[in-house]
Structures are given as structure tokens and as C-alpha cells.
Amino acid sequence: MESTDKRKKIEVCFSPYLFPLFKDEFDIVVVIDVLRATSAICAAFDNGVKELIPVTSIEEAIEYKSKGYLVGAERQGKIVDGFDFGNSPYSYRKPELKGETVVLSTTNGTKTINIAKEAGQVVIGALVNLDVLCEWLIEQDKNVLCLCSGWQNKFNLEDTICAGGILDQLLATGNYRSEEDSSIAAKYLFLSAKDNILGYLKASSHRRRLKNLNLNEDIKYCLTANTCPVIPVLKGDKISLDA
Ligand code: MLT
């Protein structure tokens with residue numbers, strides 16, 4: 001019998017590795033990489049960057065660089081030698097980037113964006129654009145998957161907490177339903193972390209990794225909610241602001 005439940009679905013997938021188990025059922029995929037790729041992308045668009053091309057491999061990034069593009073590349077939290085910048089949100093807030101097209105390759109985030117694009121409309125999610133993103137998703141009225149980039153296919157806390165925050169706002173409308181245990185877990189993690197996300201993530205693996213690289217300011221930037229009210233969406237191979 002056909003279901004009479006007309007509510008849209010929202011679920012959370014913990015890692016790109018699990019994505020094949022979810023991908024056929026959703027219209028919109030929110031790609032989340034709080035530390036730091038999707039936060040840096042939001043920072044770039046909030047600063048007036050025109051387009052951002054997310055590439056998976058360093059080889060592709062080198063090719064764009066040889067054609068004269070501005071290219072950021074990060075691996076293991078560090079700037080890859082020979083590139084203009086890495087993945088710090090502060091690199092994308094420089095006034096000279098306004099109106100420019102930028103290319104970015106990161107360890108997990110840009111790879112996840114390129115994996116997600118086969119499944120539906122991709123939108124960029126982070127804590128820095130949490131509330132406007134939720135408003136936008138509610139307006140779309142479609143089935144939503146929050147896809148956490150994780151770390152090298154493993155679960156991570158910060159992306160899951162952000163996904164739980166999105167789920168919490170969408171479920172509160174009464175127009176969405178969620179069934180997976182991953183979604184319930186994400187929501188409870190968000191609810192227990194939301195009053196002090198920075199403190200909650202103190203022992204998390206990527207926060208430690210970035211702290212060891214003296215990237216505390218980046219961590220604070222990425223874990224502060226609602227500083228970049230932008231909706232970056234993937235159109236073809238390029239990210240730009242939703243018109
Ligand atoms: C990634 O894409 O893996 C991350 O953004 C790593 C980082 O913090 O630079």
C-alpha cells in the first residue's frame with residue numbers, strides 16, 4: 001500500500017563511504033565538512049568570490065594552476081607546496097578574491113562534493129551558514145540527505161553535530177520525517193553539543209590535528225554558527241551562490 005505520509009525525508013549519512021547506501025532516495029544532498037572545507041567555501045562566497053571549482057585530485061589542481069587559476073590545495077591539514085593557499089577560511093576572506101574564480105582541492109571535503117553530485121542537487125553546509133541553509137532547505141520542500149565528509153571515510157563529530165543541527169530545525173517544522181538511527185544519533189549529538197560546540201569538540205580528532213598545526217583561529221571560525229549567510233550550490237562542476 002502506498003504511504004499516506006506526505007512529509008519529506010531528512011536523513012544523515014556519516015561518511016562518503018556509506019553514501020552508496022543512501023544516494024538514490026534524495027533530491028538535495030547537503031555536503032558538510034565543518035573543519036574546514038565547507039566553512040572555507042562559505043567564507044569565500046560571503047567575501048564575494050564569484051565561483052569555486054572543487055576538484056578531487058592534486059593533479060587536477062595542478063592543471064588548473066598551470067592555466068592561471070588561483071588554486072587552494074590542502075592535504076592532512078597543510079597547504080600543499082606550490083599552491084596559492086590551503087583550506088583556511090581566512091585565506092578566502094581576502095579582498096583581492098572578490099569577483100574571482102577559485103579552485104580548491106582538500107583531503108575530504110572537495111572529494112565528497114564530487115561524489116555527491118551524482119545523486120542530486122548539492123548544497124554546501126557548515127555551522128557558519130546553519131540557519132540560512134535550514135531556511136533555504138525548508139523553502140525547497142524536498143527530500144534532504146546531510147552527507148558528512150568525515151575524515152578519510154571515517155565518522156567525525158563536527159560534521160555529525162552540524163548535520164544534527166540541520167535535522168533538528170527541519171524536523172521542528174513538522175514537514176519532515178526521519179527514520180535512520182544515524183539521524184537520531186546526529187540529532188542527540190547536536191542537542192548535547194549546541195551550547196558549547198568548541199568545548200564539546202575539544203578531544204575530537206581533527207580539532208587536535210588542526211591545533212597541532214597552530215590553527216586554533218580556524219577552529220574557532222569554523223565552529224561559530226551563522227557568520228556567513230550564504231547558500232553555495234553546485235551547478236555543473238562549479239559552485240556559485242544560489243541565484
Ligand atoms: C578536508 O577537506 O579534509 C578538510 O577541510 C581538512 C582541513 O581541515 O583542511
# chains A, B, ... in the order shown; residues from 1 in each chain; ligands from 1

call {"tool": "select_by_dssp", "arguments": {"residues": "region 66-176 of chain A", "states": "strand (DSSP E or B)", "output": "MDAnalysis selection string"}}
result
chainID A and resid 70:75 78:79 85 101:105 121:125 144:148 151 154 176

call {"tool": "residues_around", "arguments": {"residues": "region 123-131 of chain A", "least_positions_apart": "4", "cutoff": "10 Å", "atoms": "only C-alpha atoms", "output": "MDAnalysis selection string"}}
result
chainID A and resid 28:43 46 109 113 116:117 135:137 146:148 158:159 161:163 165:166 169 221:235 239:242

call {"tool": "residues_around", "arguments": {"residues": "region 90-105 of chain A", "least_positions_apart": "5", "cutoff": "7 Å", "atoms": "only C-alpha atoms", "output": "MDAnalysis selection string"}}
result
chainID A and resid 40 43:44 47:58 61 69:74 85 110

call {"tool": "residues_around", "arguments": {"residues": "Leu171 (chain A)", "least_positions_apart": "3", "cutoff": "12 Å", "atoms": "only C-alpha atoms", "output": "list in words"}}
result
Arg7, Lys8, Lys9, Ile10, Glu11, Cys134, Leu137, Ile138, Val144, Gly164, Gly165, Ile166, Leu167, Asp168, Gly174, Asn175, Tyr176, Arg177, Ser178, Glu179, Ser183, Ile184 and Lys187 of chain A

call {"tool": "atom_distance", "arguments": {"atom1": "CA of Phe45 (chain A)", "atom2": "atom 4 (C, counted along the ligand's line) of ligand 1"}}
result
17.5 Å

call {"tool": "atom_distance", "arguments": {"atom1": "CA of Tyr17 (chain A)", "atom2": "CA of Asn143 (chain A)"}}
result
20.4 Å

call {"tool": "closest_residue", "arguments": {"among": "A:Leu133, A:Leu213, A:Ala243, A:Ala186", "to": "ligand 1", "atoms": "only C-alpha atoms and all ligand atoms"}}
result
A:Leu213

call {"tool": "atom_distance", "arguments": {"atom1": "atom 2 (O, counted along the ligand's line) of ligand 1", "atom2": "CA of Lys23 (chain A)"}}
result
20.4 Å

call {"tool": "closest_residue", "arguments": {"among": "A:Glu139, A:Pro89, A:Gly77, A:Asp24", "to": "Arg207 (chain A)", "atoms": "only C-alpha atoms"}}
result
A:Gly77

call {"tool": "residues_around", "arguments": {"residues": "Lys78 (chain A)", "least_positions_apart": "6", "cutoff": "9 Å", "atoms": "only C-alpha atoms", "output": "JSON, numbers by chain"}}
result
{"A": [86, 87, 210, 213]}

call {"tool": "write_last_selection", "arguments": {"atoms": "N, CA and C atoms", "output": "compact mmCIF listing (two decimals), in the first residue's frame"}}
result
# COMPACT_ATOMS: atom_id res chain seq x y z
N GLY A 86 45.75 27.22 1.23
CA GLY A 86 45.23 25.87 1.56
C GLY A 86 43.74 25.94 1.80
N ASN A 87 43.35 25.64 3.03
CA ASN A 87 41.94 25.46 3.33
C ASN A 87 41.51 26.32 4.51
N LEU A 210 44.30 19.95 13.85
CA LEU A 210 44.47 21.36 13.46
C LEU A 210 45.16 22.16 14.56
N LEU A 213 48.70 21.99 14.39
CA LEU A 213 49.25 22.80 13.30
C LEU A 213 49.08 24.30 13.59

call {"tool": "closest_residue", "arguments": {"among": "A:Thr107, A:Asn214, A:Thr4, A:Ser182", "to": "ligand 1", "atoms": "only C-alpha atoms and all ligand atoms"}}
result
A:Thr107

call {"tool": "residues_around", "arguments": {"residues": "Asp27 (chain A)", "least_positions_apart": "4", "cutoff": "9 Å", "atoms": "only C-alpha atoms", "output": "PyMOL selection string"}}
result
chain A and resi 119-122+142-145

call {"tool": "write_last_selection", "arguments": {"atoms": "C-alpha atoms", "output": "PDB file, in the first residue's frame"}}
result
ATOM      1  CA  ALA A 119      22.819  11.863  -6.522  1.00  0.00           C
ATOM      2  CA  GLY A 120      21.004  15.183  -6.546  1.00  0.00           C
ATOM      3  CA  GLN A 121      21.392  18.900  -6.126  1.00  0.00           C
ATOM      4  CA  VAL A 122      24.453  19.621  -3.978  1.00  0.00           C
ATOM      5  CA  LYS A 142      12.387  18.286  -0.992  1.00  0.00           C
ATOM      6  CA  ASN A 143      13.951  15.101   0.417  1.00  0.00           C
ATOM      7  CA  VAL A 144      17.286  16.029   2.027  1.00  0.00           C
ATOM      8  CA  LEU A 145      20.376  13.993   2.819  1.00  0.00           C
TER       9      LEU A 145
END

call {"tool": "closest_residue", "arguments": {"among": "A:Glu180, A:Lys111, A:Leu189, A:Lys202", "to": "Phe22 (chain A)", "atoms": "only C-alpha atoms"}}
result
A:Glu180

call {"tool": "closest_residue", "arguments": {"among": "A:Arg75, A:Lys194, A:Lys6, A:Lys67", "to": "ligand 1", "atoms": "only C-alpha atoms and all ligand atoms"}}
result
A:Arg75

call {"tool": "decode", "arguments": {"residues": "region 134-147 of chain A", "atoms": "all heavy atoms", "output": "PDB file, in the first residue's frame"}}
result
ATOM      1  N   CYS A 134      19.093  26.163   6.610  1.00  0.00           N
ATOM      2  CA  CYS A 134      17.853  25.480   7.017  1.00  0.00           C
ATOM      3  C   CYS A 134      16.630  26.178   6.426  1.00  0.00           C
ATOM      4  O   CYS A 134      15.717  25.521   5.920  1.00  0.00           O
ATOM      5  CB  CYS A 134      17.763  25.402   8.540  1.00  0.00           C
ATOM      6  SG  CYS A 134      18.997  24.290   9.219  1.00  0.00           S
ATOM      7  N   GLU A 135      16.645  27.522   6.462  1.00  0.00           N
ATOM      8  CA  GLU A 135      15.506  28.254   5.854  1.00  0.00           C
ATOM      9  C   GLU A 135      15.385  27.903   4.377  1.00  0.00           C
ATOM     10  O   GLU A 135      14.292  27.674   3.861  1.00  0.00           O
ATOM     11  CB  GLU A 135      15.730  29.772   5.958  1.00  0.00           C
ATOM     12  CG  GLU A 135      15.363  30.368   7.283  1.00  0.00           C
ATOM     13  CD  GLU A 135      15.939  31.780   7.425  1.00  0.00           C
ATOM     14  OE1 GLU A 135      16.039  32.508   6.414  1.00  0.00           O
ATOM     15  OE2 GLU A 135      16.309  32.129   8.563  1.00  0.00           O
ATOM     16  N   TRP A 136      16.521  27.867   3.684  1.00  0.00           N
ATOM     17  CA  TRP A 136      16.530  27.573   2.243  1.00  0.00           C
ATOM     18  C   TRP A 136      16.018  26.155   1.988  1.00  0.00           C
ATOM     19  O   TRP A 136      15.197  25.934   1.097  1.00  0.00           O
ATOM     20  CB  TRP A 136      17.953  27.765   1.711  1.00  0.00           C
ATOM     21  CG  TRP A 136      18.115  27.561   0.242  1.00  0.00           C
ATOM     22  CD1 TRP A 136      17.933  28.485  -0.733  1.00  0.00           C
ATOM     23  CD2 TRP A 136      18.506  26.344  -0.429  1.00  0.00           C
ATOM     24  NE1 TRP A 136      18.191  27.932  -1.971  1.00  0.00           N
ATOM     25  CE2 TRP A 136      18.542  26.623  -1.815  1.00  0.00           C
ATOM     26  CE3 TRP A 136      18.842  25.061  -0.001  1.00  0.00           C
ATOM     27  CZ2 TRP A 136      18.890  25.657  -2.770  1.00  0.00           C
ATOM     28  CZ3 TRP A 136      19.180  24.106  -0.945  1.00  0.00           C
ATOM     29  CH2 TRP A 136      19.201  24.400  -2.312  1.00  0.00           C
ATOM     30  N   LEU A 137      16.487  25.207   2.789  1.00  0.00           N
ATOM     31  CA  LEU A 137      16.055  23.812   2.597  1.00  0.00           C
ATOM     32  C   LEU A 137      14.551  23.690   2.814  1.00  0.00           C
ATOM     33  O   LEU A 137      13.859  23.006   2.052  1.00  0.00           O
ATOM     34  CB  LEU A 137      16.798  22.885   3.571  1.00  0.00           C
ATOM     35  CG  LEU A 137      18.285  22.651   3.272  1.00  0.00           C
ATOM     36  CD1 LEU A 137      18.972  21.970   4.454  1.00  0.00           C
ATOM     37  CD2 LEU A 137      18.475  21.830   2.002  1.00  0.00           C
ATOM     38  N   ILE A 138      14.032  24.370   3.832  1.00  0.00           N
ATOM     39  CA  ILE A 138      12.587  24.310   4.119  1.00  0.00           C
ATOM     40  C   ILE A 138      11.797  24.870   2.933  1.00  0.00           C
ATOM     41  O   ILE A 138      10.792  24.299   2.516  1.00  0.00           O
ATOM     42  CB  ILE A 138      12.282  25.041   5.454  1.00  0.00           C
ATOM     43  CG1 ILE A 138      12.883  24.249   6.630  1.00  0.00           C
ATOM     44  CG2 ILE A 138      10.776  25.235   5.647  1.00  0.00           C
ATOM     45  CD1 ILE A 138      13.008  25.019   7.936  1.00  0.00           C
ATOM     46  N   GLU A 139      12.322  25.973   2.353  1.00  0.00           N
ATOM     47  CA  GLU A 139      11.641  26.540   1.157  1.00  0.00           C
ATOM     48  C   GLU A 139      11.624  25.565  -0.017  1.00  0.00           C
ATOM     49  O   GLU A 139      10.677  25.514  -0.785  1.00  0.00           O
ATOM     50  CB  GLU A 139      12.398  27.781   0.663  1.00  0.00           C
ATOM     51  CG  GLU A 139      12.001  29.069   1.308  1.00  0.00           C
ATOM     52  CD  GLU A 139      13.006  30.157   0.968  1.00  0.00           C
ATOM     53  OE1 GLU A 139      13.599  30.138  -0.128  1.00  0.00           O
ATOM     54  OE2 GLU A 139      13.199  31.020   1.845  1.00  0.00           O
ATOM     55  N   GLN A 140      12.709  24.775  -0.169  1.00  0.00           N
ATOM     56  CA  GLN A 140      12.773  23.857  -1.320  1.00  0.00           C
ATOM     57  C   GLN A 140      11.723  22.751  -1.203  1.00  0.00           C
ATOM     58  O   GLN A 140      11.256  22.216  -2.192  1.00  0.00           O
ATOM     59  CB  GLN A 140      14.164  23.194  -1.440  1.00  0.00           C
ATOM     60  CG  GLN A 140      15.347  24.154  -1.444  1.00  0.00           C
ATOM     61  CD  GLN A 140      15.222  25.237  -2.480  1.00  0.00           C
ATOM     62  OE1 GLN A 140      15.079  24.962  -3.669  1.00  0.00           O
ATOM     63  NE2 GLN A 140      15.263  26.486  -2.036  1.00  0.00           N
ATOM     64  N   ASP A 141      11.418  22.321   0.040  1.00  0.00           N
ATOM     65  CA  ASP A 141      10.399  21.301   0.287  1.00  0.00           C
ATOM     66  C   ASP A 141      10.712  19.993  -0.474  1.00  0.00           C
ATOM     67  O   ASP A 141       9.872  19.469  -1.206  1.00  0.00           O
ATOM     68  CB  ASP A 141       9.023  21.882  -0.130  1.00  0.00           C
ATOM     69  CG  ASP A 141       7.884  21.004   0.363  1.00  0.00           C
ATOM     70  OD1 ASP A 141       8.061  20.333   1.393  1.00  0.00           O
ATOM     71  OD2 ASP A 141       6.823  20.972  -0.310  1.00  0.00           O
ATOM     72  N   LYS A 142      11.951  19.515  -0.299  1.00  0.00           N
ATOM     73  CA  LYS A 142      12.387  18.286  -0.992  1.00  0.00           C
ATOM     74  C   LYS A 142      13.011  17.317   0.023  1.00  0.00           C
ATOM     75  O   LYS A 142      13.304  17.696   1.159  1.00  0.00           O
ATOM     76  CB  LYS A 142      13.449  18.651  -2.029  1.00  0.00           C
ATOM     77  CG  LYS A 142      12.958  19.635  -3.107  1.00  0.00           C
ATOM     78  CD  LYS A 142      13.306  19.101  -4.480  1.00  0.00           C
ATOM     79  CE  LYS A 142      12.639  19.897  -5.577  1.00  0.00           C
ATOM     80  NZ  LYS A 142      13.522  20.882  -6.166  1.00  0.00           N
ATOM     81  N   ASN A 143      13.268  16.083  -0.443  1.00  0.00           N
ATOM     82  CA  ASN A 143      13.951  15.101   0.417  1.00  0.00           C
ATOM     83  C   ASN A 143      15.429  15.459   0.537  1.00  0.00           C
ATOM     84  O   ASN A 143      16.104  15.677  -0.482  1.00  0.00           O
ATOM     85  CB  ASN A 143      13.812  13.705  -0.180  1.00  0.00           C
ATOM     86  CG  ASN A 143      12.367  13.263  -0.228  1.00  0.00           C
ATOM     87  OD1 ASN A 143      11.635  13.409   0.749  1.00  0.00           O
ATOM     88  ND2 ASN A 143      11.938  12.735  -1.356  1.00  0.00           N
ATOM     89  N   VAL A 144      15.932  15.499   1.767  1.00  0.00           N
ATOM     90  CA  VAL A 144      17.286  16.029   2.027  1.00  0.00           C
ATOM     91  C   VAL A 144      18.170  14.967   2.685  1.00  0.00           C
ATOM     92  O   VAL A 144      17.777  14.346   3.676  1.00  0.00           O
ATOM     93  CB  VAL A 144      17.211  17.252   2.983  1.00  0.00           C
ATOM     94  CG1 VAL A 144      18.607  17.761   3.331  1.00  0.00           C
ATOM     95  CG2 VAL A 144      16.366  18.366   2.383  1.00  0.00           C
ATOM     96  N   LEU A 145      19.363  14.816   2.148  1.00  0.00           N
ATOM     97  CA  LEU A 145      20.376  13.993   2.819  1.00  0.00           C
ATOM     98  C   LEU A 145      21.516  14.902   3.277  1.00  0.00           C
ATOM     99  O   LEU A 145      22.065  15.661   2.477  1.00  0.00           O
ATOM    100  CB  LEU A 145      20.951  12.937   1.865  1.00  0.00           C
ATOM    101  CG  LEU A 145      22.025  12.043   2.495  1.00  0.00           C
ATOM    102  CD1 LEU A 145      21.425  11.147   3.588  1.00  0.00           C
ATOM    103  CD2 LEU A 145      22.722  11.186   1.448  1.00  0.00           C
ATOM    104  N   CYS A 146      21.876  14.826   4.551  1.00  0.00           N
ATOM    105  CA  CYS A 146      23.058  15.530   5.056  1.00  0.00           C
ATOM    106  C   CYS A 146      24.215  14.544   4.974  1.00  0.00           C
ATOM    107  O   CYS A 146      24.225  13.515   5.671  1.00  0.00           O
ATOM    108  CB  CYS A 146      22.855  15.950   6.510  1.00  0.00           C
ATOM    109  SG  CYS A 146      21.518  17.130   6.710  1.00  0.00           S
ATOM    110  N   LEU A 147      25.173  14.849   4.110  1.00  0.00           N
ATOM    111  CA  LEU A 147      26.303  13.941   3.885  1.00  0.00           C
ATOM    112  C   LEU A 147      27.548  14.506   4.572  1.00  0.00           C
ATOM    113  O   LEU A 147      28.088  15.540   4.163  1.00  0.00           O
ATOM    114  CB  LEU A 147      26.553  13.773   2.378  1.00  0.00           C
ATOM    115  CG  LEU A 147      27.767  12.958   1.975  1.00  0.00           C
ATOM    116  CD1 LEU A 147      27.728  11.544   2.552  1.00  0.00           C
ATOM    117  CD2 LEU A 147      27.892  12.904   0.448  1.00  0.00           C
TER     118      LEU A 147
END
